[in-house]
file query.csv (CSV, C-alpha atoms and all ligand atoms)
chain,number,residue,atom,x,y,z
P,1,MET,CA,1.0,7.9,-8.5
P,2,THR,CA,0.4,5.1,-11.0
P,3,VAL,CA,-1.5,1.9,-11.0
P,4,PHE,CA,-0.4,-0.9,-13.3
P,5,PRO,CA,-2.5,-4.1,-13.4
P,6,ILE,CA,0.1,-6.2,-15.1
P,7,ALA,CA,-2.0,-9.3,-14.9
P,8,SER,CA,-5.8,-9.5,-14.2
P,9,SER,CA,-8.1,-12.4,-14.8
P,10,SER,CA,-9.2,-15.6,-13.2
P,11,SER,CA,-5.8,-17.1,-14.3
P,12,GLY,CA,-3.4,-14.6,-12.7
P,13,ASN,CA,-3.4,-11.3,-10.9
P,14,LEU,CA,-0.8,-8.7,-10.0
P,15,CYS,CA,-1.2,-4.9,-9.7
P,16,VAL,CA,1.7,-2.5,-9.1
P,17,ILE,CA,0.9,0.7,-7.3
P,18,GLU,CA,3.8,3.2,-7.2
P,19,ASN,CA,5.0,6.8,-7.1
P,20,SER,CA,8.6,8.2,-7.5
P,21,THR,CA,9.7,6.7,-4.1
P,22,THR,CA,7.3,3.9,-3.1
P,23,SER,CA,6.3,0.7,-4.9
P,24,ILE,CA,3.9,-1.9,-3.7
P,25,ILE,CA,2.1,-4.8,-5.4
P,26,ILE,CA,-1.2,-6.3,-4.6
P,27,ASP,CA,-1.2,-10.1,-5.3
P,28,ALA,CA,1.5,-12.1,-7.0
P,29,GLY,CA,-0.4,-14.6,-9.2
P,30,ILE,CA,2.1,-14.7,-12.1
P,31,PRO,CA,5.7,-15.9,-12.4
P,32,LEU,CA,8.6,-13.6,-11.5
P,33,LYS,CA,9.5,-13.2,-15.2
P,34,GLY,CA,6.2,-11.5,-15.7
P,35,ILE,CA,7.0,-8.6,-13.4
P,36,LYS,CA,10.8,-8.4,-13.4
P,37,PRO,CA,11.3,-6.4,-16.7
P,38,LEU,CA,8.5,-4.0,-15.7
P,39,CYS,CA,9.3,-3.2,-12.1
P,40,LYS,CA,12.7,-2.3,-10.6
P,41,LYS,CA,11.8,-2.4,-6.9
P,42,VAL,CA,8.9,-3.6,-4.7
P,43,ASP,CA,8.8,-2.4,-1.1
P,44,ALA,CA,5.9,-4.6,0.0
P,45,ILE,CA,3.6,-7.3,-1.3
P,46,PHE,CA,-0.1,-7.3,-0.1
P,47,VAL,CA,-2.2,-10.3,-0.7
P,48,THR,CA,-6.0,-10.3,-1.2
P,49,HIS,CA,-6.3,-14.1,-0.6
P,50,SER,CA,-4.7,-17.4,-1.1
P,51,HIS,CA,-6.3,-18.7,-4.3
P,52,THR,CA,-3.7,-19.7,-6.9
P,53,ASP,CA,-4.5,-16.9,-9.4
P,54,HIS,CA,-3.4,-14.4,-6.6
P,55,VAL,CA,-0.4,-16.1,-5.1
P,56,SER,CA,1.1,-18.6,-7.6
P,57,GLY,CA,4.4,-16.6,-8.1
P,58,ILE,CA,4.7,-15.2,-4.6
P,59,GLY,CA,7.8,-17.1,-3.3
P,60,PRO,CA,10.1,-16.1,-6.2
P,61,ILE,CA,8.7,-12.5,-6.4
P,62,HIS,CA,9.1,-12.1,-2.6
P,63,ARG,CA,12.7,-13.4,-2.6
P,64,HIS,CA,13.8,-11.4,-5.7
P,65,TYR,CA,12.6,-8.1,-4.4
P,66,LYS,CA,13.2,-8.8,-0.7
P,67,ALA,CA,9.8,-7.5,-0.1
P,68,PRO,CA,7.8,-8.5,3.0
P,69,ILE,CA,4.4,-10.2,2.4
P,70,TYR,CA,1.5,-8.7,4.3
P,71,ILE,CA,-1.2,-11.2,4.7
P,72,LYS,CA,-3.8,-12.3,7.3
P,73,ARG,CA,-2.9,-15.6,9.0
P,74,SER,CA,-6.4,-16.9,8.3
P,75,ALA,CA,-5.7,-16.4,4.6
P,76,TYR,CA,-2.5,-18.5,4.4
P,77,ASN,CA,-3.3,-21.3,6.9
P,78,ASP,CA,-4.8,-23.5,4.1
P,79,LYS,CA,-1.9,-22.9,1.6
P,80,PRO,CA,1.3,-23.4,3.5
P,81,LYS,CA,3.4,-24.7,0.5
P,82,VAL,CA,3.4,-21.4,-1.5
P,83,PHE,CA,4.4,-19.5,1.5
P,84,GLU,CA,7.3,-21.8,2.5
P,85,LYS,CA,10.5,-19.8,3.1
P,86,CYS,CA,8.6,-16.5,2.9
P,87,GLU,CA,8.7,-13.7,5.5
P,88,LEU,CA,5.1,-13.1,6.4
P,89,VAL,CA,3.8,-10.0,8.2
P,90,GLU,CA,0.4,-10.3,9.9
P,91,LEU,CA,-1.9,-7.9,8.1
P,92,GLN,CA,-3.6,-5.4,10.4
P,93,GLU,CA,-7.0,-4.0,9.5
P,94,THR,CA,-6.3,-1.2,12.0
P,95,PRO,CA,-4.2,0.8,12.3
P,96,ALA,CA,-3.4,1.2,8.6
P,97,THR,CA,0.0,0.0,7.3
P,98,LEU,CA,2.5,2.6,6.3
P,99,ILE,CA,4.9,1.8,3.4
P,100,GLY,CA,7.0,4.8,2.3
P,101,ASP,CA,4.5,7.3,1.0
P,102,PHE,CA,1.5,4.9,1.0
P,103,ILE,CA,-1.1,4.3,3.6
P,104,VAL,CA,-2.6,0.9,3.1
P,105,GLU,CA,-6.0,-0.1,4.5
P,106,PRO,CA,-7.4,-3.6,4.0
P,107,PHE,CA,-11.1,-4.5,4.3
P,108,PRO,CA,-12.8,-7.9,4.1
P,109,THR,CA,-14.4,-9.1,0.9
P,110,LYS,CA,-17.1,-11.8,0.7
P,111,HIS,CA,-15.4,-14.8,-0.9
P,112,ASP,CA,-15.2,-18.6,-0.2
P,113,THR,CA,-11.9,-18.1,1.6
P,114,PRO,CA,-10.7,-15.2,3.9
P,115,SER,CA,-10.1,-12.4,1.4
P,116,PHE,CA,-9.4,-8.6,1.4
P,117,GLY,CA,-9.7,-5.5,-0.7
P,118,TYR,CA,-7.4,-2.5,-0.4
P,119,TYR,CA,-7.6,1.2,-0.1
P,120,VAL,CA,-4.3,2.8,-0.8
P,121,THR,CA,-3.6,6.5,-0.3
P,122,ASP,CA,-0.5,8.3,-1.5
P,123,TRP,CA,0.0,11.0,1.1
P,124,SER,CA,2.4,13.0,-1.1
P,125,SER,CA,-0.1,13.5,-4.0
P,126,LYS,CA,-3.2,12.8,-1.9
P,127,ARG,CA,-4.5,10.4,-4.6
P,128,SER,CA,-6.2,7.2,-3.5
P,129,VAL,CA,-7.1,3.8,-5.1
P,130,CYS,CA,-9.7,1.3,-4.0
P,131,LEU,CA,-9.2,-2.2,-5.3
P,132,ILE,CA,-12.1,-4.7,-4.8
P,133,THR,CA,-11.9,-8.2,-6.2
P,134,ASP,CA,-13.1,-11.7,-5.6
P,135,THR,CA,-16.3,-10.9,-3.7
P,136,GLY,CA,-19.8,-12.2,-4.1
P,137,PHE,CA,-21.4,-8.8,-3.2
P,138,ILE,CA,-20.6,-5.3,-2.1
P,139,THR,CA,-20.7,-4.5,1.6
P,140,PRO,CA,-21.3,-1.1,3.2
P,141,LEU,CA,-17.6,-1.0,4.2
P,142,MET,CA,-16.5,-1.6,0.6
P,143,LYS,CA,-18.9,1.2,-0.5
P,144,LYS,CA,-17.4,3.5,2.1
P,145,TYR,CA,-13.9,3.0,0.7
P,146,ALA,CA,-15.0,3.1,-3.0
P,147,SER,CA,-16.8,6.4,-2.4
P,148,LYS,CA,-13.6,8.0,-1.0
P,149,ALA,CA,-11.3,6.8,-3.9
P,150,ASP,CA,-10.1,8.7,-6.9
P,151,VAL,CA,-9.6,5.5,-8.7
P,152,LEU,CA,-11.8,2.4,-8.4
P,153,MET,CA,-10.4,-0.9,-9.5
P,154,LEU,CA,-13.4,-3.2,-9.4
P,155,GLU,CA,-14.0,-6.8,-10.3
P,156,ALA,CA,-16.2,-7.6,-13.3
P,157,ASP,CA,-15.7,-11.4,-13.4
P,158,TYR,CA,-18.5,-12.8,-15.5
P,159,ASP,CA,-21.4,-12.1,-17.8
P,160,VAL,CA,-24.5,-13.7,-16.3
P,161,THR,CA,-25.8,-15.3,-19.6
P,162,SER,CA,-22.3,-16.4,-20.6
P,163,LEU,CA,-21.9,-18.1,-17.3
P,164,GLU,CA,-25.3,-19.8,-17.4
P,165,GLU,CA,-24.6,-21.1,-21.0
P,166,PHE,CA,-21.0,-22.1,-20.4
P,167,GLU,CA,-21.0,-25.9,-20.8
P,168,GLU,CA,-17.6,-26.7,-19.5
P,169,TYR,CA,-18.4,-25.6,-16.0
P,170,PRO,CA,-20.4,-28.0,-13.8
P,171,ASP,CA,-23.5,-26.6,-12.1
P,172,PHE,CA,-21.9,-26.5,-8.6
P,173,LEU,CA,-19.1,-24.3,-10.0
P,174,LYS,CA,-21.5,-21.9,-11.7
P,175,ALA,CA,-23.5,-21.7,-8.5
P,176,ARG,CA,-20.3,-20.9,-6.5
P,177,ILE,CA,-19.2,-18.2,-8.9
P,178,ALA,CA,-22.6,-16.5,-8.8
P,179,SER,CA,-23.1,-16.9,-5.1
P,180,ASP,CA,-22.6,-14.4,-2.3
P,181,TRP,CA,-19.2,-16.0,-1.8
P,182,GLY,CA,-18.1,-16.0,-5.4
P,183,HIS,CA,-17.5,-13.2,-7.8
P,184,LEU,CA,-19.1,-10.0,-9.1
P,185,SER,CA,-20.8,-10.1,-12.4
P,186,ASN,CA,-20.6,-7.2,-15.0
P,187,GLU,CA,-24.1,-6.2,-14.0
P,188,GLN,CA,-23.4,-6.1,-10.2
P,189,SER,CA,-20.3,-4.0,-10.8
P,190,THR,CA,-22.0,-1.5,-13.1
P,191,LYS,CA,-25.0,-1.2,-10.8
P,192,PHE,CA,-22.7,-0.5,-7.9
P,193,ILE,CA,-21.0,2.3,-9.8
P,194,ARG,CA,-24.4,3.6,-10.9
P,195,GLU,CA,-25.4,3.9,-7.3
P,196,LEU,CA,-22.2,5.8,-6.4
P,197,LEU,CA,-22.6,8.2,-9.4
P,198,ASP,CA,-26.2,8.8,-8.5
P,199,GLU,CA,-25.0,9.9,-5.0
P,200,GLY,CA,-22.7,12.4,-6.7
P,201,LYS,CA,-19.5,10.5,-6.7
P,202,LYS,CA,-16.9,11.4,-9.3
P,203,PHE,CA,-14.0,9.2,-10.3
P,204,LEU,CA,-10.7,10.0,-12.0
P,205,LYS,CA,-10.6,6.5,-13.4
P,206,VAL,CA,-12.5,3.3,-13.2
P,207,VAL,CA,-10.6,0.1,-14.0
P,208,PHE,CA,-12.4,-3.2,-14.4
P,209,ILE,CA,-10.4,-6.1,-13.2
P,210,HIS,CA,-10.5,-9.9,-12.9
P,211,MET,CA,-12.5,-10.5,-16.1
P,212,SER,CA,-12.9,-14.2,-16.7
P,213,VAL,CA,-11.5,-15.3,-20.0
P,214,ARG,CA,-14.2,-18.0,-20.3
P,215,THR,CA,-17.4,-16.3,-19.3
P,216,ASN,CA,-16.7,-12.6,-20.0
P,217,SER,CA,-15.4,-10.5,-22.9
P,218,GLU,CA,-14.5,-6.9,-23.5
P,219,GLU,CA,-17.5,-6.5,-25.7
P,220,LEU,CA,-20.0,-7.9,-23.1
P,221,LEU,CA,-18.6,-5.8,-20.3
P,222,MET,CA,-18.5,-2.6,-22.4
P,223,ASN,CA,-22.1,-3.2,-23.5
P,224,GLN,CA,-23.1,-3.3,-19.8
P,225,VAL,CA,-21.1,-0.1,-19.1
P,226,GLU,CA,-22.8,1.7,-22.0
P,227,LYS,CA,-26.2,0.6,-20.8
P,228,ASP,CA,-25.8,1.4,-17.1
P,229,ILE,CA,-23.1,4.0,-16.7
P,230,PRO,CA,-22.5,5.6,-20.2
P,231,GLU,CA,-21.2,8.9,-18.7
P,232,ILE,CA,-18.0,7.3,-17.4
P,233,LEU,CA,-17.0,5.7,-20.7
P,234,PRO,CA,-14.1,8.2,-21.2
P,235,ILE,CA,-12.5,7.2,-17.9
P,236,VAL,CA,-13.0,3.4,-18.1
P,237,THR,CA,-10.0,1.1,-18.6
P,238,LEU,CA,-10.0,-2.7,-18.8
P,239,ALA,CA,-7.3,-4.7,-17.0
P,240,PRO,CA,-4.7,-5.9,-17.7
P,241,THR,CA,-3.0,-2.9,-19.3
P,242,ILE,CA,0.3,-2.8,-21.2
P,243,LYS,CA,1.6,0.3,-19.3
P,244,PRO,CA,1.0,2.0,-16.0
P,245,ILE,CA,-2.1,4.2,-15.7
P,246,ASP,CA,-0.9,7.7,-14.6
P,247,LEU,CA,-3.2,9.3,-12.0
P,248,ASP,CA,-1.3,12.6,-11.9
P,249,GLU,CA,-1.8,13.5,-15.6
N,301,ZN,ZN,-9.3,-14.6,-8.3
N,302,ZN,ZN,-10.5,-16.2,-5.4
call {"tool": "encode", "arguments": {"input": "query.csv", "output": "structure tokens", "more": "lines below"}}
Ligand SMILES: [Zn+2]
Ligand SMILES: [Zn+2]
result
Amino acid sequence: MTVFPIASSSSGNLCVIENSTTSIIIDAGIPLKGIKPLCKKVDAIFVTHSHTDHVSGIGPIHRHYKAPIYIKRSAYNDKPKVFEKCELVELQETPATLIGDFIVEPFPTKHDTPSFGYYVTDWSSKRSVCLITDTGFITPLMKKYASKADVLMLEADYDVTSLEEFEEYPDFLKARIASDWGHLSNEQSTKFIRELLDEGKKFLKVVFIHMSVRTNSEELLMNQVEKDIPEILPIVTLAPTIKPIDLDE
């Protein structure tokens, strides 16, 4: 099983999860040309939510790969244009969706539009990935999935001080980002992982995703990781990556 966050930031998101027989993507917030050379087939597209950075390329990607789009009706009602001429499948929270070797379980996140995280299990290798993005805080259900996963892909959107001091954002936008309906800060993310580690959780990999290009940096995030969760430094990766992360190595 591999995970490949081809694009990951507040300006575009797309993550490929695949094994030798099955390939799915979570979000399609980049143009088709960004995924085409890297991915031969896609069996299904899952969507976290309808913000542009997650769905901007969805029509062409959907048609090129002839892959159905799994999405909650509540998540596309407000964005009909991007989903024009798309075959949409209503996303079920239960029972889980089966795509080839993968069992896909969505769970709600806390954002300013209906939004979902995903727990994906590869039943052939028994590996699992939990992807949590675009959420203002961590719920008990998110924690339940994260604590079962071999790989945690977790949003670390902004550095608190950088956001406060960033002059190009109006106050209402800063308040939205930092609210319970916005995004996770570096500190919120590392504190959550700290909590899991203290309860005995061991991860194979931790991948930080959705880092803001304006109010975060690799250096700021890694400083937070070193401060709060230094023992996982060897297994930390920052998204996007230039090649797939192999979970079977
Ligand atoms: Zn986003
Ligand atoms: Zn969003």
call {"tool": "atom_distance", "arguments": {"input": "query.csv", "atom1": "atom CA of Glu84 of chain P", "atom2": "atom CA of Thr52 of chain P"}}
result
14.6 Å
call {"tool": "closest_residue", "arguments": {"input": "query.csv", "among": "P:Tyr169, P:Trp181, P:Phe46, P:Tyr70", "to": "ligand ZN 302 (chain N)", "atoms": "only C-alpha atoms and all ligand atoms"}}
result
P:Trp181
call {"tool": "residues_around", "arguments": {"input": "query.csv", "residues": "Thr121 of chain P", "least_positions_apart": "3", "cutoff": "10 Å", "atoms": "all atoms listed in the file", "output": "list in words"}}
result
Met1, Leu98, Asp101, Phe102, Ile103, Val104, Glu105, Tyr118, Ser124, Ser125, Lys126, Arg127, Ser128, Val129, Cys130, Ala149 and Asp150 of chain P
call {"tool": "closest_residue", "arguments": {"input": "query.csv", "among": "P:Val55, P:Leu173, P:Ala156, P:Ala239", "to": "Leu220 of chain P", "atoms": "all atoms listed in the file"}}
result
P:Ala156
call {"tool": "residues_near_ligand", "arguments": {"input": "query.csv", "ligand": "ligand ZN 302 (chain N)", "cutoff": "7 Å", "atoms": "all atoms listed in the file", "output": "list in words"}}
result
His49, His51, His111 and Asp134 of chain P
call {"tool": "atom_distance", "arguments": {"input": "query.csv", "atom1": "atom CA of Phe4 of chain P", "atom2": "atom CA of Val206 of chain P"}}
result
12.8 Å
call {"tool": "residues_near_ligand", "arguments": {"input": "query.csv", "ligand": "ligand ZN 301 (chain N)", "cutoff": "8 Å", "atoms": "all atoms listed in the file", "output": "number ranges by chain"}}
result
P: 9-13, 51-54, 133-134, 210
call {"tool": "closest_residue", "arguments": {"input": "query.csv", "among": "P:Thr113, P:Val120, P:Val160, P:Pro170", "to": "Gly182 of chain P", "atoms": "only C-alpha atoms"}}
result
P:Thr113
call {"tool": "closest_residue", "arguments": {"input": "query.csv", "among": "P:Leu247, P:Ile132, P:Met222, P:Ile45", "to": "Ile25 of chain P", "atoms": "all atoms listed in the file"}}
result
P:Ile45
call {"tool": "residues_around", "arguments": {"input": "query.csv", "residues": "Ile242 of chain P", "least_positions_apart": "4", "cutoff": "12 Å", "atoms": "all atoms listed in the file", "output": "VMD selection string"}}
result
chain P and resid 3 to 8 15 34 to 35 38 237 to 238
call {"tool": "atom_distance", "arguments": {"input": "query.csv", "atom1": "atom CA of Glu187 of chain P", "atom2": "atom CA of Asp159 of chain P"}}
result
7.5 Å
call {"tool": "closest_residue", "arguments": {"input": "query.csv", "among": "P:Glu167, P:Lys41, P:Ser56, P:Arg194", "to": "Val16 of chain P", "atoms": "all atoms listed in the file"}}
result
P:Lys41
call {"tool": "closest_residue", "arguments": {"input": "query.csv", "among": "P:Ser179, P:Ile229, P:Asp112, P:Lys144", "to": "Ile193 of chain P", "atoms": "all atoms listed in the file"}}
result
P:Ile229
call {"tool": "build_atoms", "arguments": {"input": "query.csv", "residues": "segment 95-114 of chain P", "atoms": "N, CA and C atoms", "output": "compact mmCIF listing (two decimals), in the coordinates of the input"}}
result
# COMPACT_ATOMS: atom_id res chain seq x y z
N PRO P 95 -4.30 -0.41 13.10
CA PRO P 95 -4.20 0.80 12.30
C PRO P 95 -3.72 0.45 10.87
N ALA P 96 -3.82 1.42 9.95
CA ALA P 96 -3.40 1.20 8.60
C ALA P 96 -1.87 0.94 8.55
N THR P 97 -1.42 0.25 7.50
CA THR P 97 0.00 0.00 7.30
C THR P 97 0.65 1.09 6.53
N LEU P 98 1.80 1.58 7.00
CA LEU P 98 2.50 2.60 6.30
C LEU P 98 3.70 2.04 5.54
N ILE P 99 3.74 2.22 4.23
CA ILE P 99 4.90 1.80 3.40
C ILE P 99 5.35 2.98 2.63
N GLY P 100 6.49 3.55 2.97
CA GLY P 100 7.00 4.80 2.30
C GLY P 100 5.88 5.83 2.29
N ASP P 101 5.49 6.28 1.08
CA ASP P 101 4.50 7.30 1.00
C ASP P 101 3.04 6.80 1.07
N PHE P 102 2.89 5.48 1.13
CA PHE P 102 1.50 4.90 1.00
C PHE P 102 0.95 4.49 2.37
N ILE P 103 -0.33 4.78 2.49
CA ILE P 103 -1.10 4.30 3.60
C ILE P 103 -2.02 3.21 3.09
N VAL P 104 -1.88 2.00 3.63
CA VAL P 104 -2.60 0.90 3.10
C VAL P 104 -3.64 0.35 4.07
N GLU P 105 -4.90 0.36 3.65
CA GLU P 105 -6.00 -0.10 4.50
C GLU P 105 -6.71 -1.28 3.89
N PRO P 106 -6.64 -2.46 4.51
CA PRO P 106 -7.40 -3.60 4.00
C PRO P 106 -8.82 -3.63 4.53
N PHE P 107 -9.69 -4.27 3.79
CA PHE P 107 -11.10 -4.50 4.30
C PHE P 107 -11.56 -5.81 3.74
N PRO P 108 -12.37 -6.55 4.50
CA PRO P 108 -12.80 -7.90 4.10
C PRO P 108 -13.67 -7.87 2.84
N THR P 109 -13.49 -8.86 1.98
CA THR P 109 -14.40 -9.10 0.90
C THR P 109 -15.22 -10.35 1.21
N LYS P 110 -16.20 -10.68 0.37
CA LYS P 110 -17.10 -11.80 0.70
C LYS P 110 -16.78 -12.93 -0.35
N HIS P 111 -15.86 -13.81 0.03
CA HIS P 111 -15.40 -14.80 -0.90
C HIS P 111 -15.41 -16.18 -0.14
N ASP P 112 -15.10 -17.28 -0.82
CA ASP P 112 -15.20 -18.60 -0.20
C ASP P 112 -13.92 -18.95 0.62
N THR P 113 -13.05 -17.96 0.81
CA THR P 113 -11.90 -18.10 1.60
C THR P 113 -11.60 -16.69 2.21
N PRO P 114 -10.93 -16.55 3.36
CA PRO P 114 -10.70 -15.20 3.90
C PRO P 114 -10.01 -14.31 2.85
